[in-house]
Amino acid sequence: ILRVSVAPLLAAGILPAILVTLRDISQVEEAEQQRRDFVANVSHEMRSPLTVLAGFIETLKGPAKGDLAATETFLDIMEREAQRMTRLVSDLLSLSRVESEERVRPRTQVSLSEVLRATLAALRPQVEDAGLSVDFQDLPDAPTIPGDRDQLVQVFHNLIENALKYGASGDKIEISLNRVESLPGLPGPVLKVCIRDFGDGIDAIHLPRLTERFYRVDGHRSRAMGGTGLGLAICKHIVNRHRGRLSIRSTRGEGSTFVVSLPIS
Ligand code: ADP
């Protein structure tokens with residue numbers, strides 16, 4: 001094409017030269033596809049509680065009108081669905097905030113011991129409901145790290161809550177804080193937090209995709225337990241912002257360990 005249309009113009013000196021730019025748009029297309037998938041997922045996740053709500057409103061206005069017992073049952077279900085939508089919207093807002101802040105390095109100094117203790121205190125009711133014991137191995141005199149305290153609380157809240165939800169068939173969860181002098185790919189010493197449960201575990205095939213938005217091993221189970229499928233995606237962005245690493249080890253039938261490593265400086 002170039003030879004036919006441009007070569008005579010070049011030869012006649014009408015065009016002094018041409019510049020050809022080749023751009024690989026496969027990454028752009030991939031990002032566009034991911035954006036389309038995300039919108040489709042959000043729409044799908046929103047539509048199911050809305051369908052339930054609309055159905056029950058219809059029933060309450062029609063066949064169940066005046067039936068007090070049915071009204072009470074239906075209102076409970078409607079309340080749960082409304083709470084599900086609230087959680088979804090709140091997780092979507094969190095995700096968009098952490099994505100937009102990912103390049104801004106956190107500057108305040110944070111104690112991970114304090115973050116873990118505060119998170120465990122806030123999760124006490126869920127720990128009691130799950131009937132599991134929590135074994136927390138703290139690191140006395142652990143150094144502080146540069147971090148965003150609220151975001152780090154969010155990471156450990158999500159991971160410990162998941163251990164309680166998906167590890168319920170075990171009898172305990174173990175949390176430990178350690179210092180490691182060097183880890184491949186991370187600069188300098190790190191603080192390493194391990195959250196281990198003894199529940200059902202996860203098949204290896206799922207592990208690489210677990211931190212994708214809306215990826216679930218068992219969508220029905222996750223939704224029944226109030227999950228949005230966004231928790232680990234949020235964790236991954238926050239850990240990236242801290243220049244750290246989130247790794248997951250799991251064996252089906254034995255349980256899972258989520259490891260967060262964060263640089264000390
Ligand atoms: P959800 O809101 O569904 O819990 P997450 O992003 O937190 O979403 O987790 C994604 C999926 O990873 C979950 O739906 C579940 O299938 C799996 N998962 C997360 N943590 C664990 C765990 N400790 N044990 C087993 N499976 C887990």
# chains A, B, ... in the order shown; residues from 1 in each chain; ligands from 1
call {"tool": "residues_near_ligand", "arguments": {"ligand": "ligand 1", "cutoff": "9 Å", "atoms": "only C-alpha atoms and all ligand atoms", "output": "PyMOL selection string"}}
result
chain A and resi 158-167+195-202+206-207+209-223+225-235+250+252+255-258
call {"tool": "residues_around", "arguments": {"residues": "region 46-57 of chain A", "least_positions_apart": "4", "cutoff": "7 Å", "atoms": "only C-alpha atoms", "output": "NGL selection string"}}
result
:A and (42 or 61 or 74 or 78 or 81 or 85)
call {"tool": "write_last_selection", "arguments": {"atoms": "C-alpha atoms", "output": "PDB file, in the first residue's frame"}}
result
ATOM      1  CA  VAL A  42     -21.218  -4.752  38.348  1.00  0.00           C
ATOM      2  CA  LYS A  61     -48.693  -4.686  47.255  1.00  0.00           C
ATOM      3  CA  PHE A  74     -40.459 -10.509  53.202  1.00  0.00           C
ATOM      4  CA  MET A  78     -35.608  -7.179  51.536  1.00  0.00           C
ATOM      5  CA  GLU A  81     -30.779  -7.629  49.886  1.00  0.00           C
ATOM      6  CA  MET A  85     -26.258  -3.712  47.703  1.00  0.00           C
TER       7      MET A  85
END
call {"tool": "residues_around", "arguments": {"residues": "Ser261 (chain A)", "least_positions_apart": "6", "cutoff": "6 Å", "atoms": "only C-alpha atoms", "output": "PyMOL selection string"}}
result
chain A and resi 191-192+244-245
call {"tool": "closest_residue", "arguments": {"among": "A:Leu60, A:Ser5, A:Ile238, A:Gln109", "to": "Arg97 (chain A)", "atoms": "only C-alpha atoms"}}
result
A:Ile238
call {"tool": "residues_around", "arguments": {"residues": "Pro208 (chain A)", "least_positions_apart": "4", "cutoff": "10 Å", "atoms": "only C-alpha atoms", "output": "number ranges by chain"}}
result
A: 204, 212, 247-248
call {"tool": "closest_residue", "arguments": {"among": "A:Pro146, A:Arg103, A:Leu262, A:Asp129", "to": "Asn178 (chain A)", "atoms": "only C-alpha atoms"}}
result
A:Leu262
call {"tool": "atom_distance", "arguments": {"atom1": "CA of Ala122 (chain A)", "atom2": "CA of Leu152 (chain A)"}}
result
13.8 Å
call {"tool": "closest_residue", "arguments": {"among": "A:Gly188, A:Gly131, A:Pro16, A:Gly66", "to": "Lys172 (chain A)", "atoms": "only C-alpha atoms"}}
result
A:Gly131
call {"tool": "select_by_dssp", "arguments": {"residues": "region 76-258 of chain A", "states": "helix (DSSP H, G or I)", "output": "MDAnalysis selection string"}}
result
chainID A and resid 76:101 112:122 124:130 149:166 204:209 219:224 231:241
call {"tool": "closest_residue", "arguments": {"among": "A:Ala118, A:Ala168, A:Ala69, A:Leu22", "to": "Phe156 (chain A)", "atoms": "only C-alpha atoms"}}
result
A:Ala118
call {"tool": "atom_distance", "arguments": {"atom1": "CA of Asp148 (chain A)", "atom2": "CA of Pro263 (chain A)"}}
result
13.1 Å
